[in-house]
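J.: First the structure, then my questions, so here it is.
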Amino acid sequence: MANVMLEVRDLTTKYVTRFREDVYAVDHVSLRVEEGKTLGIAGESGCGKSTLALSLMGYYFPPLHYTGGEIVINGRNITGMNPDDIRKSILGTEIAYIPQAAMNALNPTQKVIHFIEDVILAHDPTESKKNIYEMARASFETLGLSADVLHKYPVELSGGMKQRTVIAVAVILRPKVLIADEPSSALDVTSQKMVIKMLKDLMANGFIKSMIFITHELPLLYNVADDIMVMYAGQIVERGTAKEVVFDPLHPYSKGLMGSILVPEQGFRNTRLTAIPGAPPNLKNPPAGCRFAERCKYVQSECKTTSVPLYEAGNGRAYRCILPEKTLREAYQHAR
Amino acid sequence: MLKGYWRYFLNKLAWFVVTFIFAFLLNFILPRLMPGDPVAAIVARLAQGVSDATGVQAIYRQYTELFGTNRPIPEQFIIYVRNVLRGDFGFSFSQYPRTVADVIRSSILWTICLQFPAIIVGWLIGNTLGALAAYRKGAFDKLLMPISIFVSNFPAFGMAIILMVIFAVQLKWFPTSGGYGFDLIPNLSWDFIRSVIEHYQLPFWSIVIIAIGGQAIGMRSMSIYELNADYVKFSRFMGIKDRKIVGYVFRNAMLPQITGLALAIGTMVGGALVAEIVFSYPGLGYTLLNGIMGQDYPLISAVTLIITIMVLTANFIIEILYGIIDPRIKAAQAEQG
Amino acid sequence: MKHTLRQVFRSGKFVVGFAIFATLLLIVIVYPLIVTDPPLAIIAEGTFFPPGIYVSSFDVVNANTTYVNSTYILHLPDADTRRIASRLTREDRLAMKDWLIAVGIPAGEIDIEDTTQLLAQWSNHYDPKAKIEGMTIAKRNYYARLDQALKGLLSTKEVIIAAADPATGSLTKTGAIGRSDYVNIGQVANVRVLPLGTDNFGRDILTELVKATGVSLQIGFVAGLIATLIGLTLGLLAGYVGGLVDDIIMFFTNLFTVIPTFVLLILISFSIGQEKRGAFTIAVVIGLTSWVWTTRAVRAQVMSLRNRDHVNLSKLSGHSIAYIIVRDILPYIASYVVMALILQISSGILAEAGLSILGLGPRTTEVPTLGLMMNWAMIYQAPILGKWWAYLPVLVTIALITFSMNLMNTGLDQVFNPALRD
């Protein structure tokens with residue numbers, strides 16, 4: 001069995017709103033990423049996938065708060081570690097993060113090389129600026145970026161260039177796990193392709209050992225990820241290999257997602273992810289039963305009252321629905 | 001890089017020249033838009049003002065010449081500009097036989113030394129407090145913000161009066177009025193300098209306090225905006241210390257505040273002029289008041305022109321400095337080119 | 001609409017601001033119904049009478065002499081002490097203390113606040129012939145006068161009231177007022193309450209202030225309305241039409257942003273001349289010089305709206321520019337315009353005050369404004385003379401108006417721009 005790079009058990013985090021209400025945006029999430037693998041996380045906007053990305057870092061600041069669960073990175077359990085130690089020895093070196101809309105992820109009034117200096121010195125204050133520059137130059141050139149970029153301000157870079165620079169900076173310390181949250185959503189098609197290619201190459205070039213890729217664009221996810229998890233209302237509702245989840249979805253929500261994408265209706269290409277009627281529940285007061293019940297075509301009377309666990313279906317496959325696999329597949333067959 | 005900045009500089013310089021010309025035009029045209037012949041009106045006022053008959057004659061002759069009233073308007077404008085550029089504003093009605101240039105020479109330095117330091121100090125303190133309020137939140141923020149809103153909406157003269165009543169009338173820590181002790185003759189003695197410093201405090205702080213309020217509010221919302229920016233999140237997750245990140249945020253929030261200062265400086269100077277009046281500070285504000293009381297048209301016209309030029313120049317300098325400090329300016333200009 | 005209003009009134013800041021403002025407005029409307037005196041009537045001979053209840057001395061004396069029924073005798077044990085206490089200034093008390101110490105009373109035993117004890121000590125130890133070392137003659141005379149005054153206050157003799165005989169000029173006693181005689185204030189014909197005293201011209205400040213607040217609010221409103229209308233029109237044109245129109249409008253907007261408004265106000269007001277400057281004229285001038293910020297804000301809003309789907313749809317449907325502006329753009333910027341108007345009103349009031357302090361406010365003969373009241377107080381040096389009632393109530397009123405308007409504005413901002421919240 002390959003090395004496990006990231007193992008998360010029952011992670012639960014919440015937002016505390018201005019009115020002191022708790023919003024459990026990540027609810028008992030478990031996952032595992034092995035060396036050399038990419039895990040994709042899919043879901044509508046607001047389903048908690050971005051919050052999950054933040055929560056995985058193990059470094060919380062308001063309004064996000066940790067409430068339970070464990071995070072093990074490369075065999076090291078970081079749960080309960082002093083935040084300053086996490087900052088120094090985990091962030092950037094073990095696990096790195098590319099934020100959504102990375103267009104603004106770099107300080108606009110700082111040259112790229114100065115930010116890299118700040119990053120490296122935060123982990124090793126003894127490093128010389130000359131070494132840092134050499135290191136950054138080597139990294140950038142390996143990743144196909146010109147060393148000139150280092151001496152520029154982020155405002156002087158084009159959108160795609162900025163995004164690739166953010167990625168190059170994120171992996172400068174060779175983290176084991178890279179979490180990419182919608183890294184290409186704001187870019188034009190050509191830049192998107194370059195960014196995706198760069199991300200795929202990171203592992204081959206030895207910059208990272210594993211990746212978690214978060215997006216709402218399913219075709220892209222199928223293209224990039226080895227395994228896919230589908231999130232709904234802060235919970236995982238389905239897990240499997242990319243092929244299984246895309247071509248043989250079990251959960252009615254996954255089915256809805258895939259259906260809406262694989263048979264795009266004309267004129268509604270941009271609204272494909274809201275093609276499932278209704279909206280996700282308000283997580284300030286989550287429903288007692290299945291969280292998808294309100295929108296589910298196959299809803300049963302007990303769905304609304306009993307909470308549904310994640311059923312393991314063997315070989316790492318799992319789904320959160322009270323109906324058996326067989327019934328679900330037949331229903332989908334019938335619907336078609 | 002340099003090219004980008006040059007473009008920005010030339011742009012601002014051109015704008016400075018255009019605004020300058022317009023300031024001249026307005027100063028020239030506004031009084032002439034009013035019904036009646038300005039020279040006739042001046043003479044009418046003179047009859048009440050100066051009792052010295054030869055003085056009236058001299059002023060009248062000088063003004064017909066200065067305004068060239070019998071010539072067409074465009075020519076009058078050229079004469080006006082030529083006179084102003086020479087620093088020739090004619091005689092003051094209310095302080096005859098002093099010339100307007102002489103009256104202004106003796107007051108302009110007081111105003112420059114009072115207002116610009118006060119506005120800059122107020123700006124610095126206000127921005128620091130605003131950034132702290134955004135960063136520390138909690139009780140500090142809850143206390144500072146209502147005070148700032150209140151102070152920034154308080155009229156400038158009101159702040160001056162209140163400071164005067166508390167610190168000059170009640171506590172007698174500082175003098176109530178003037179730029180230096182009335183029993184002193186300006187010289188470089190220690191007594192005189194101490195007197196100037198004592199008289200400086202109250203007008204200075206009343207301008208500072210008013211400036212603090214507005215700046216603190218602006219800086220707070222700017223900082224809150226920057227604190228939520230993506231680069232803050234990214235920097236945190238790259239393991240950079242919070243203190244360093246606050247440094248980024250502070251700098252980035254400060255930059256728009258500099259342009260904010262450029263835009264607000266005109267309003268601030270207006271308030272500060274009134275503060276000068278409250279303390280009878282011997283600057284342009286007080287000179288202006290005397291001009292208005294004495295119906296001294298040439299003095300008022302000159303003072304308003306000088307104030308406008310001062311504000312435009314301050315504005316220009318701020319913009320030029322801003323272009324050097326903020327790399328975004330150069331990039332934006334280079335992109336256009 | 002109803003929903004929006006309900007939301008607005010749920011914002012604490014807005015409600016506080018609104019309450020202050022509504023109270024002021026109510027006072028401005030109701031007070032003149034109760035006190036009908038003309039606001040600029042000069043009632044006092046002399047300047048700066050302090051706030052208080054003014055009782056006609058003439059009527060008090062007449063109340064005591066004319067009608068037997070209205071004379072009351074009250075024996076109050078502390079009457080003498082009060083009488084003296086109200087006359088003895090702090091300086092007098094300190095001087096008495098100095099004397100007592102000089103004649104050998106320990107300082108610890110003297111309490112200048114305790115009038116009874118101080119008087120007792122004084123009458124026991126004061127000796128006009130005593131020679132105290134280092135005391136000037138002037139000081140000795142002062143003590144003698146003080147002692148005489150105290151004796152006068154303590155005298156039990158009644159005050160004789162006499163009237164002059166018109167024929168002979170000789171005085172005839174018509175009555176006497178004893179130390180225990182009282183009048184009921186309700187039976188005194190003329191009592192005037194001056195809650196804020198009088199100003200330098202001898203006018204009732206409260207009545208004047210209420211009127212001035214009303215006028216200043218009107219000035220602010222007219223100025224704000226003009227500025228907002230100009231700003232809205234220019235902003236809509238610049239933002240929606242764009243192109244050359246936008247360039248021209250923005251050129252002037254930028255120009256008037258850097259040229260200090262205050263200077264323009266001074267120049268224009270001065271040029272108009274004292275005689276032609278009414279309150280309304282000043283309001284118009286302020287309005288004409290303060291539209292730049294509204295123009296900028298409206299333009300920015302319109303530009304972001306210009307290419308929204310619903311506007312494009314309207315364009316495709318062949319609606320006219322006027323229709324699109326009224327139906328598809330105005331409703332979306334209405335909240336900004338209201339906020340801009342509120343700010344403009346408040347800054348208009350401040351601008352009037354600033355101008356008036358310079359002596360360029362409305363001509364002074366017709367109506368008071370808050371700025372004019374400030375100007376009068378300043379010219380007559382009320383702050384330096386300690387006549388707080390002449391300027392402080394005016395300042396507080398100005399501050400309350402601007403503060404309440406800004407609170408309302410902040411409240412509205414939070415309701416309409418939730419993104420700005422922390």
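Letters A, B, ... mark the chains of the structure tokens in the order given; residue numbers begin at 1 per chain; ligand numbers begin at 1, in order shown.
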Pull out every residue of chain A sitting within 8 Å of chain B, counting only C-alpha atoms, and send them as a count of residues only.

T.: 27

J.: Residues within 10 Å of stretch 301-313 of chain B, please, as number ranges by chain. Count only C-alpha atoms; anything in the same chain fewer than 2 positions from it doesn't count.

T.: B: 16-17, 19-20, 23-24, 26-28, 31, 84, 87-90, 100-101, 103-104, 107-108, 111-112, 262-270, 273, 284-285, 287-288, 291, 296-299, 315-319; C: 258-264, 266-267, 270

J.: Hey, what's within 9 Å of C:Leu232 if we count only C-alpha atoms and toss same-chain stuff fewer than 2 positions away? As a list in words, please?

T.: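 Returned residues: Ala227, Thr228, Leu229, Ile230, Leu234, Gly235, Leu236, Leu237, Trp291, Thr294, Thr295, Ala297, Val298, Arg299 and Val337 of chain C.
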
J.: Go ahead and write the residues just picked, C-alpha atoms, as a compact mmCIF listing (two decimals), in the first residue's frame.

T.:
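Generated file (selection.txt):
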# COMPACT_ATOMS: atom_id res chain seq x y z
CA ALA C 227 -26.58 69.63 -5.03
CA THR C 228 -28.21 66.22 -5.23
CA LEU C 229 -30.29 67.12 -8.26
CA ILE C 230 -27.28 68.49 -10.12
CA LEU C 234 -24.67 64.90 -14.22
CA GLY C 235 -23.88 61.48 -12.78
CA LEU C 236 -26.63 59.82 -14.79
CA LEU C 237 -25.55 61.58 -17.98
CA TRP C 291 -22.45 68.57 -6.27
CA THR C 294 -22.73 63.06 -5.65
CA THR C 295 -21.82 63.18 -9.34
CA ALA C 297 -20.86 58.40 -6.68
CA VAL C 298 -23.86 58.31 -9.02
CA ARG C 299 -21.65 57.95 -12.08
CA VAL C 337 -29.12 59.14 -3.75

J.: Could you name the residues that touch A:Ile73 at 10 Å or less, counting only C-alpha atoms, but leaving out those on the same chain fewer than 4 positions away, as a PDB file with N, CA and C atoms, in the first residue's frame?

T.:
ATOM      1  N   VAL A   4       0.406   7.054   2.839  1.00  0.00           N
ATOM      2  CA  VAL A   4      -0.725   7.985   2.967  1.00  0.00           C
ATOM      3  C   VAL A   4      -0.164   9.369   3.271  1.00  0.00           C
ATOM      4  N   MET A   5      -0.490  10.330   2.421  1.00  0.00           N
ATOM      5  CA  MET A   5       0.030  11.687   2.602  1.00  0.00           C
ATOM      6  C   MET A   5      -0.866  12.505   3.526  1.00  0.00           C
ATOM      7  N   LEU A   6      -2.167  12.315   3.379  1.00  0.00           N
ATOM      8  CA  LEU A   6      -3.101  13.079   4.221  1.00  0.00           C
ATOM      9  C   LEU A   6      -4.233  12.172   4.658  1.00  0.00           C
ATOM     10  N   GLU A   7      -4.447  12.110   5.956  1.00  0.00           N
ATOM     11  CA  GLU A   7      -5.572  11.334   6.458  1.00  0.00           C
ATOM     12  C   GLU A   7      -6.371  12.232   7.392  1.00  0.00           C
ATOM     13  N   VAL A   8      -7.672  12.333   7.112  1.00  0.00           N
ATOM     14  CA  VAL A   8      -8.530  13.193   7.929  1.00  0.00           C
ATOM     15  C   VAL A   8      -9.645  12.343   8.487  1.00  0.00           C
ATOM     16  N   ARG A  32      -8.810  10.450   2.742  1.00  0.00           N
ATOM     17  CA  ARG A  32      -7.432   9.968   2.733  1.00  0.00           C
ATOM     18  C   ARG A  32      -6.888  10.174   1.327  1.00  0.00           C
ATOM     19  N   VAL A  33      -5.662  10.694   1.266  1.00  0.00           N
ATOM     20  CA  VAL A  33      -5.009  10.884  -0.031  1.00  0.00           C
ATOM     21  C   VAL A  33      -3.664  10.175   0.013  1.00  0.00           C
ATOM     22  N   LEU A  56      -8.749  21.911   6.263  1.00  0.00           N
ATOM     23  CA  LEU A  56      -7.720  20.883   6.153  1.00  0.00           C
ATOM     24  C   LEU A  56      -6.344  21.398   6.571  1.00  0.00           C
ATOM     25  N   MET A  57      -6.154  22.733   6.549  1.00  0.00           N
ATOM     26  CA  MET A  57      -4.845  23.279   6.868  1.00  0.00           C
ATOM     27  C   MET A  57      -4.510  23.149   8.352  1.00  0.00           C
ATOM     28  N   GLY A  58      -5.531  22.928   9.172  1.00  0.00           N
ATOM     29  CA  GLY A  58      -5.279  22.786  10.604  1.00  0.00           C
ATOM     30  C   GLY A  58      -4.923  24.097  11.287  1.00  0.00           C
ATOM     31  N   ASN A  77       0.437  13.652  13.244  1.00  0.00           N
ATOM     32  CA  ASN A  77      -0.878  14.124  13.670  1.00  0.00           C
ATOM     33  C   ASN A  77      -0.762  15.563  14.147  1.00  0.00           C
ATOM     34  N   ILE A  78      -1.427  16.480  13.427  1.00  0.00           N
ATOM     35  CA  ILE A  78      -1.283  17.896  13.793  1.00  0.00           C
ATOM     36  C   ILE A  78      -2.439  18.386  14.653  1.00  0.00           C
ATOM     37  N   THR A  79      -3.333  17.474  15.026  1.00  0.00           N
ATOM     38  CA  THR A  79      -4.468  17.887  15.847  1.00  0.00           C
ATOM     39  C   THR A  79      -3.962  18.378  17.203  1.00  0.00           C
ATOM     40  N   ILE A  90       4.424  23.253   9.525  1.00  0.00           N
ATOM     41  CA  ILE A  90       3.464  22.524   8.678  1.00  0.00           C
ATOM     42  C   ILE A  90       3.082  23.339   7.444  1.00  0.00           C
ATOM     43  N   GLU A  94       4.574  21.234   4.665  1.00  0.00           N
ATOM     44  CA  GLU A  94       3.900  19.948   4.596  1.00  0.00           C
ATOM     45  C   GLU A  94       2.633  20.047   3.745  1.00  0.00           C
ATOM     46  N   ILE A  95       1.903  21.150   3.935  1.00  0.00           N
ATOM     47  CA  ILE A  95       0.637  21.310   3.226  1.00  0.00           C
ATOM     48  C   ILE A  95       0.547  22.754   2.721  1.00  0.00           C
ATOM     49  N   LYS A 176       3.986  18.313   0.944  1.00  0.00           N
ATOM     50  CA  LYS A 176       3.554  16.949   0.606  1.00  0.00           C
ATOM     51  C   LYS A 176       2.166  16.993  -0.023  1.00  0.00           C
ATOM     52  N   VAL A 177       1.340  17.891   0.483  1.00  0.00           N
ATOM     53  CA  VAL A 177      -0.040  17.965   0.002  1.00  0.00           C
ATOM     54  C   VAL A 177      -0.304  19.382  -0.529  1.00  0.00           C
TER      55      VAL A 177
END

J.: What are the DSSP strand (DSSP E or B) residues of stretch 189-358 of chain C, as a PyMOL selection string?

T.: chain C and resi 191-194+198+203-204

J.: Using only C-alpha atoms, I'd like every residue of chain C that has an atom within 8 Å of chain B; please write them out as an NGL selection string.

T.: :C and (255 or 257-263 or 266-268 or 270-272 or 350 or 354 or 357-360 or 378 or 383-384 or 386 or 395 or 398-399 or 402-403 or 406 or 420 or 422)

J.: What separation in Å, quoted to one decimal, exists between atom CA of A:Tyr24 and atom CA of A:Leu11?

T.: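 Interatomic distance here is 10.8 Å.
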
J.: Using only C-alpha atoms, which of the listed residues (A:Gln192, A:Thr13, A:His28, A:Pro62) sits closest to chain C?

T.: A:Pro62

J.: Tell me, in Å to one decimal, how far atom CA of C:Asp309 is from atom CA of C:Ile329.

T.: 11.8 Å

J.: Leaving out stretch 51-57 of chain C and any residue of its chain fewer than 5 positions from it, which residues lie within 6 Å of it when counting only C-alpha atoms, given as a PyMOL selection string?

T.: chain C and resi 190-197

J.: What is the distance, in Å and to one decimal place, between atom CA of C:Gly134 and atom CA of C:Ala102?

T.: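 Separating atom CA of C:Gly134 from atom CA of C:Ala102 is a distance of 10.5 Å.
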
J.: Could you list, as an MDAnalysis selection string, every residue within 10 Å of stretch 197-210 of chain A, counting only C-alpha atoms and ignoring same-chain residues fewer than 5 positions away?

T.: chainID A and resid 3:6 33:39 74 93:96 139 142:144 164 167:168 170:180 183 191:192 224:225
